[in-house]
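Below you'll find the structure, written out as structure tokens, and then a few comments.
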Amino acid sequence: SRSLRTKATMAAAAEQQQPFVRCPMLVRVFVRYGGHNDVAAYGSTPAAGVSFPANEMQFYLWGKTTLREITDLISEQRPEVRRPRVQLSFAVVYPDKLGRQTMKEVGKLSTNETRTIPSDQRTLNGLRFEAGDYLDVAILGMEDPELRQRRLSRRPLDDDHHEGDHRRPNERPTTTAAT
């Protein structure tokens with residue numbers, strides 16, 4: 001009974017030291033295949049105005065949300081990242097003291113890893129992530145499926161099979177002599 005009161009007192013004291021959070025924060029996540037977005041894509045100077053990279057996802061997350069949980073959320077929206085050997089590299093984008101956007105890589109996780117690694121358990125609070133910061137996520141180990149589909153759809157047909165040409169591959173066109 002005494003040890004329970006001591007544990008309860010310690011837990012209450014620890015909770016008082018942490019800031020009280022009433023609701024989750026909006027976290028804007030920008031995903032890119034092959035590497036991180038350029039920090040300049042975030043409108044890093046006041047003259048550049050407000051600009052953001054493409055491929056934005058938005059999640060309402062608590063400060064105690066881990067990188068593993070964010071990885072799971074991303075893989076729900078983009079199932080193709082669940083393939084073997086695909087990794088997500090996380091970076092936090094935040095303004096420095098002069099107001100310029102800065103990017104800091106904070107962890108790399110495999111989307112289908114079953115064992116726990118230290119990066120899995122890093123929380124947004126642990127990364128000093130604040131409301132207004134952004135997460136930049138690089139998908140490594142695969143190419144963008146949309147770009148791949150566009151590239152394949154533009155691939156020319158081989159020499160033996162032209163569009164609209166219904167001859168057999170070895171058949172020569174017939175010519176008629178003009179009279």
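Lettering and numbering for the structure tokens are positional, with chains as A, B, ... in the shown order, residues counted from 1 in each chain, and ligands counted from 1 in the shown order.
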Compile the contact shell of Tyr60 (chain A) as a list in words: residues with an atom at most 7 Å away, counting only C-alpha atoms, same-chain residues fewer than 5 positions apart removed. Pro24, Met25, Leu26 and Val27 of chain A
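Distances to Lys108 (chain A) were evaluated for A:Glu146, A:Leu124, A:Arg83, A:Phe90 using only C-alpha atoms, and the minimum falls at A:Phe90.
For the residues A:Glu105, A:Asp136, A:Asp144, A:Glu130, ranking by smallest atom-to-atom distance to Trp62 (chain A) using only C-alpha atoms places A:Glu130 first.
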Nearest residue to Pro79 (chain A) from the set A:Thr65, A:Asn112, A:Gln101, A:Asn37 (distances using only C-alpha atoms): A:Asn112
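Taking CA of Ile74 (chain A) as the reference point, CA of Ser153 (chain A) is found at 26.9 Å.
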All helix (DSSP H, G or I) positions in region 45-100 of chain A, as a PyMOL selection string: chain A and resi 46-48+67-77+79-82
How about saving the chosen residues, N, CA and C atoms kept, as a JSON list (two decimals), in the first residue's frame?
[["chain", "number", "residue", "atom", "x", "y", "z"],
["A", 46, "PRO", "N", 12.19, 34.74, -46.11],
["A", 46, "PRO", "CA", 10.97, 35.55, -46.17],
["A", 46, "PRO", "C", 10.65, 36.03, -47.59],
["A", 47, "ALA", "N", 11.66, 36.28, -48.40],
["A", 47, "ALA", "CA", 11.44, 36.75, -49.78],
["A", 47, "ALA", "C", 10.84, 35.65, -50.65],
["A", 48, "ALA", "N", 11.14, 34.39, -50.32],
["A", 48, "ALA", "CA", 10.64, 33.28, -51.11],
["A", 48, "ALA", "C", 9.15, 33.06, -50.89],
["A", 67, "LEU", "N", 8.16, 7.41, -33.96],
["A", 67, "LEU", "CA", 8.45, 7.30, -35.40],
["A", 67, "LEU", "C", 7.88, 6.01, -35.98],
["A", 68, "ARG", "N", 7.84, 4.94, -35.20],
["A", 68, "ARG", "CA", 7.25, 3.68, -35.67],
["A", 68, "ARG", "C", 5.76, 3.87, -35.96],
["A", 69, "GLU", "N", 5.06, 4.59, -35.11],
["A", 69, "GLU", "CA", 3.64, 4.84, -35.33],
["A", 69, "GLU", "C", 3.43, 5.70, -36.58],
["A", 70, "ILE", "N", 4.29, 6.66, -36.80],
["A", 70, "ILE", "CA", 4.19, 7.50, -38.00],
["A", 70, "ILE", "C", 4.50, 6.67, -39.24],
["A", 71, "THR", "N", 5.48, 5.77, -39.14],
["A", 71, "THR", "CA", 5.79, 4.86, -40.25],
["A", 71, "THR", "C", 4.57, 4.02, -40.60],
["A", 72, "ASP", "N", 3.87, 3.54, -39.59],
["A", 72, "ASP", "CA", 2.67, 2.74, -39.83],
["A", 72, "ASP", "C", 1.58, 3.56, -40.51],
["A", 73, "LEU", "N", 1.42, 4.81, -40.09],
["A", 73, "LEU", "CA", 0.42, 5.69, -40.71],
["A", 73, "LEU", "C", 0.74, 5.94, -42.18],
["A", 74, "ILE", "N", 2.02, 6.17, -42.47],
["A", 74, "ILE", "CA", 2.42, 6.40, -43.87],
["A", 74, "ILE", "C", 2.20, 5.15, -44.71],
["A", 75, "SER", "N", 2.54, 3.98, -44.16],
["A", 75, "SER", "CA", 2.38, 2.75, -44.93],
["A", 75, "SER", "C", 0.91, 2.39, -45.13],
["A", 76, "GLU", "N", 0.02, 2.90, -44.28],
["A", 76, "GLU", "CA", -1.42, 2.70, -44.52],
["A", 76, "GLU", "C", -1.87, 3.51, -45.74],
["A", 77, "GLN", "N", -1.31, 4.71, -45.91],
["A", 77, "GLN", "CA", -1.68, 5.56, -47.03],
["A", 77, "GLN", "C", -0.94, 5.18, -48.31],
["A", 79, "PRO", "N", 0.63, 1.82, -49.42],
["A", 79, "PRO", "CA", 0.94, 0.41, -49.16],
["A", 79, "PRO", "C", 2.20, -0.09, -49.86],
["A", 80, "GLU", "N", 2.59, 0.56, -50.97],
["A", 80, "GLU", "CA", 3.78, 0.10, -51.71],
["A", 80, "GLU", "C", 5.05, 0.22, -50.88],
["A", 81, "VAL", "N", 5.07, 1.03, -49.82],
["A", 81, "VAL", "CA", 6.29, 1.17, -49.03],
["A", 81, "VAL", "C", 6.49, 0.00, -48.06],
["A", 82, "ARG", "N", 5.57, -0.95, -48.04],
["A", 82, "ARG", "CA", 5.71, -2.13, -47.17],
["A", 82, "ARG", "C", 6.61, -3.20, -47.77]]
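Going from CA of Asp120 (chain A) to CA of Ala91 (chain A) covers 14.0 Å.
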